[in-house]
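**Q** This structure is in structure tokens; I'll ask about it shortly.
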Amino acid sequence: MAAKPIRNYIPPALIALNTLLVAENWYLRPQSAGAWFVVLLLLIGMTLALVLVSREPKEEAARRDTGGSVRSGIVTAGLILVISLGAKLAVALGAVHYGDIALRATMAIVGAFLAVTGNAIPKTLTPLAALHCDPAKVQAVQRLAGWIWALAGLAVAIAWLTLPINLAEAMSFLLLPSAILVTVGQAVWLRRAKPSAL
Amino acid sequence: MNSVFKALSDPTRRRVLQLLRKRPMSAGELSDHFAVSKPTMSAHFSVLQNAGLIEAEKNGRTIVYRLKMSVLEETLLAFAQTVGWDMKAQGGARRAALKSGTRLRPLKQEG
């Protein structure tokens, strides 16, 4: 029997590590039981998704696609949780004296995640035959969306790492809804545009 | 990443990317912008494709090239354009031409 690649062990390892961190946090700060319970439910959901993916029928190509994207989603979410739960635990144990470090770390990671996702938007291409709009316009929209999300994500991450909390909050509330509005506006404009042959 | 730097180090390939920024184009349309033989152009296209900066798609009897650059790669392209990574460009194009067995002609000046 062939050995499984090491990347297959990363999602369950992250789930296990997060479970330990939640248990430790719950023990040290029982007054926030509601929050820890929600995180625990999220971890159970991630475990269920992982089990479902590994039990899928062996239609190789389809399975690899679904399994790969579910696993990478679990790894991303798991890393975000590990950092924020780790920071909370460090504060609770008195190892770190900045009370807002968990919030700052979580928001900076969310910003970095948005920047990385935005960076990849122009690289996801739909086959020309499947497009119902002008390919030039689709490309323009994807490029602009990529730039908007990459820059907004980067700005949010930097703001949460450097600015005072209230300023960082204000910046996030200004940047992220604006990025959503512009992206949705572009999609509506693209839908209204008449299709044209290449 | 090395293949991306290699692809961006040639002015012809950078110009191809700039043209594709406007819209997807067929191989013929792109070649019309350059005074370079078709095999040399195909060598340039394959370098760009191997770097994952463009994608080729068959549309009937023509091959349509589309831009496939991430935001970071576009930033690198703009940087290369500004700084002018031309050091190995002539050598790179010459190697591409040698591979395809054609002789290089000087580039057409574009407005």
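A note on labels: chains of the structure tokens are A, B, ... as shown, every chain counts residues from 1, and ligands are counted from 1 in their shown order.
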Find the spatial neighbours of Met69 (chain B), counting only C-alpha atoms, within a cut-off of 8 Å - ignore same-chain residues fewer than 6 positions away - and output them as a PyMOL selection string.

**A** (chain A and resi 122-123) or (chain B and resi 52-54)

**Q** Show me, as CSV, the residues of chain B having an atom within 12 Å of chain A, each with the closest atom pair and its distance in Å, using only C-alpha atoms.

**A**
residue,atom,partner,partner_atom,distance
B:Leu19,CA,A:Ala136,CA,11.6
B:Leu20,CA,A:Ala136,CA,9.3
B:Arg21,CA,A:Ala140,CA,8.0
B:Lys22,CA,A:Ala136,CA,6.8
B:Arg23,CA,A:Ala136,CA,4.4
B:Pro24,CA,A:Ala136,CA,6.3
B:Met25,CA,A:Leu198,CA,8.1
B:Ser26,CA,A:Leu198,CA,9.1
B:Glu29,CA,A:Leu198,CA,11.7
B:Gly52,CA,A:Lys123,CA,8.9
B:Leu53,CA,A:Lys123,CA,8.5
B:Ile54,CA,A:Lys123,CA,9.2
B:Glu55,CA,A:Leu125,CA,8.7
B:Ala56,CA,A:Pro127,CA,10.2
B:Glu57,CA,A:Leu128,CA,7.7
B:Lys58,CA,A:Leu128,CA,9.1
B:Asn59,CA,A:Leu128,CA,8.1
B:Gly60,CA,A:Ala129,CA,10.5
B:Thr62,CA,A:Leu198,CA,11.2
B:Ile63,CA,A:Leu128,CA,11.4
B:Val64,CA,A:Leu198,CA,9.1
B:Tyr65,CA,A:Leu128,CA,10.5
B:Arg66,CA,A:Gln139,CA,8.6
B:Leu67,CA,A:Gln139,CA,8.0
B:Lys68,CA,A:Lys123,CA,4.8
B:Met69,CA,A:Lys123,CA,5.7
B:Ser70,CA,A:Asn119,CA,5.3
B:Val71,CA,A:Asn119,CA,4.8
B:Leu72,CA,A:Asn119,CA,6.5
B:Glu73,CA,A:Asn119,CA,8.9
B:Glu74,CA,A:Arg143,CA,9.6
B:Thr75,CA,A:Trp147,CA,10.1

**Q** Create the file for the chosen residues now, containing C-alpha atoms and written as a JSON list (two decimals), in the first residue's frame.

**A**
[["chain", "number", "residue", "atom", "x", "y", "z"],
["B", 19, "LEU", "CA", -0.86, 43.86, -26.02],
["B", 20, "LEU", "CA", -2.74, 41.06, -24.30],
["B", 21, "ARG", "CA", -3.66, 43.42, -21.46],
["B", 22, "LYS", "CA", -6.12, 45.11, -23.85],
["B", 23, "ARG", "CA", -7.87, 41.90, -24.98],
["B", 24, "PRO", "CA", -7.23, 38.25, -25.91],
["B", 25, "MET", "CA", -5.61, 38.02, -29.36],
["B", 26, "SER", "CA", -4.88, 35.34, -31.92],
["B", 29, "GLU", "CA", -2.78, 39.31, -34.62],
["B", 52, "GLY", "CA", 2.13, 30.62, -16.73],
["B", 53, "LEU", "CA", 1.74, 34.24, -17.87],
["B", 54, "ILE", "CA", -0.47, 33.51, -20.87],
["B", 55, "GLU", "CA", -2.85, 30.74, -21.85],
["B", 56, "ALA", "CA", -3.47, 29.41, -25.33],
["B", 57, "GLU", "CA", -6.91, 28.25, -26.37],
["B", 58, "LYS", "CA", -7.96, 26.80, -29.69],
["B", 59, "ASN", "CA", -10.83, 28.73, -31.26],
["B", 60, "GLY", "CA", -11.72, 26.99, -34.51],
["B", 62, "THR", "CA", -6.83, 29.82, -34.72],
["B", 63, "ILE", "CA", -5.02, 29.82, -31.40],
["B", 64, "VAL", "CA", -6.17, 32.60, -29.09],
["B", 65, "TYR", "CA", -3.77, 33.81, -26.41],
["B", 66, "ARG", "CA", -5.10, 35.25, -23.14],
["B", 67, "LEU", "CA", -3.37, 37.03, -20.31],
["B", 68, "LYS", "CA", -2.98, 34.89, -17.17],
["B", 69, "MET", "CA", -1.02, 37.21, -14.86],
["B", 70, "SER", "CA", -1.52, 37.59, -11.13],
["B", 71, "VAL", "CA", -1.41, 41.06, -9.56],
["B", 72, "LEU", "CA", 2.14, 40.38, -8.35],
["B", 73, "GLU", "CA", 3.26, 39.32, -11.83],
["B", 74, "GLU", "CA", 1.71, 42.47, -13.31],
["B", 75, "THR", "CA", 3.65, 44.51, -10.77]]

**Q** Per DSSP on the backbone, filter region 30-89 of chain B down to the residues in strand (DSSP E or B) and report them as a ChimeraX atom specification.

**A** /B:54-59,62-67

**Q** Using only C-alpha atoms, please write the residues we just selected to a file, as a compact mmCIF listing (two decimals), in the first residue's frame.

**A**
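Printed below is result-v7.txt as written:
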# COMPACT_ATOMS: atom_id res chain seq x y z
CA ILE B 54 -0.47 33.51 -20.87
CA GLU B 55 -2.85 30.74 -21.85
CA ALA B 56 -3.47 29.41 -25.33
CA GLU B 57 -6.91 28.25 -26.37
CA LYS B 58 -7.96 26.80 -29.69
CA ASN B 59 -10.83 28.73 -31.26
CA THR B 62 -6.83 29.82 -34.72
CA ILE B 63 -5.02 29.82 -31.40
CA VAL B 64 -6.17 32.60 -29.09
CA TYR B 65 -3.77 33.81 -26.41
CA ARG B 66 -5.10 35.25 -23.14
CA LEU B 67 -3.37 37.03 -20.31

**Q** Excluding region 4-19 of chain A and any residue of its chain fewer than 5 positions from it, enumerate the residues within 6 Å of it, using only C-alpha atoms, and give them as a count of residues only.

**A** 3

**Q** Looking at A:Val22, A:Ile74, A:Leu154, A:Leu131, which one is nearest to Val51 (chain A), with distances taken over only C-alpha atoms?

**A**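 Of all the options, A:Ile74 lies closest to Val51 (chain A).
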
**Q** Contacts of Arg192 (chain A) at 12 Å or less, counting only C-alpha atoms, minus same-chain residues fewer than 3 places along, as a VMD selection string?

**A** chain A and resid 132 to 134 137 185 to 189 195

**Q** Using only C-alpha atoms, determine which residues lie at most 6 Å from region 106-108 of chain A, disregarding the query and same-chain residues fewer than 4 positions distant; provide the list as a PyMOL selection string.

**A** chain A and resi 84+157+160

**Q** What does the distance from CA of Ala155 (chain A) to CA of Gly111 (chain A) come to in Å, to one decimal?

**A** 7.4 Å

**Q** Would you list the contacts of Val53 (chain A) as an mmCIF file with N, CA and C atoms, in the first residue's frame, taking every protein, DNA or RNA residue within 8 Å and counting only C-alpha atoms, but skipping same-chain residues closer than 3 positions in sequence?

**A**
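Saved the output as around_14.cif:
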data_model
loop_
_atom_site.group_PDB
_atom_site.id
_atom_site.type_symbol
_atom_site.label_atom_id
_atom_site.label_comp_id
_atom_site.auth_asym_id
_atom_site.auth_seq_id
_atom_site.Cartn_x
_atom_site.Cartn_y
_atom_site.Cartn_z
ATOM 1 N N ALA A 49 -16.274 17.665 7.216
ATOM 2 C CA ALA A 49 -15.949 17.920 5.801
ATOM 3 C C ALA A 49 -14.774 17.052 5.361
ATOM 4 N N LEU A 50 -13.783 16.939 6.223
ATOM 5 C CA LEU A 50 -12.596 16.138 5.917
ATOM 6 C C LEU A 50 -12.949 14.657 5.770
ATOM 7 N N GLU A 56 -15.286 9.888 -0.277
ATOM 8 C CA GLU A 56 -15.913 10.032 -1.594
ATOM 9 C C GLU A 56 -15.515 8.880 -2.513
ATOM 10 N N ARG A 63 -12.435 13.579 -7.595
ATOM 11 C CA ARG A 63 -12.135 13.486 -6.166
ATOM 12 C C ARG A 63 -10.942 14.385 -5.808
ATOM 13 N N THR A 66 -12.107 18.124 -5.686
ATOM 14 C CA THR A 66 -12.906 18.480 -4.512
ATOM 15 C C THR A 66 -12.055 18.356 -3.247
ATOM 16 N N GLY A 67 -11.378 17.222 -3.106
ATOM 17 C CA GLY A 67 -10.572 16.982 -1.912
ATOM 18 C C GLY A 67 -9.518 18.045 -1.727
ATOM 19 N N VAL A 70 -11.109 21.399 -0.595
ATOM 20 C CA VAL A 70 -11.606 21.329 0.798
ATOM 21 C C VAL A 70 -10.427 21.327 1.762
#

**Q** What is the CA of Phe79 (chain B)-CA of Ala112 (chain A) distance in Å, reported with one decimal?

**A**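 About the pair CA of Phe79 (chain B) and CA of Ala112 (chain A): they are 22.3 Å apart.
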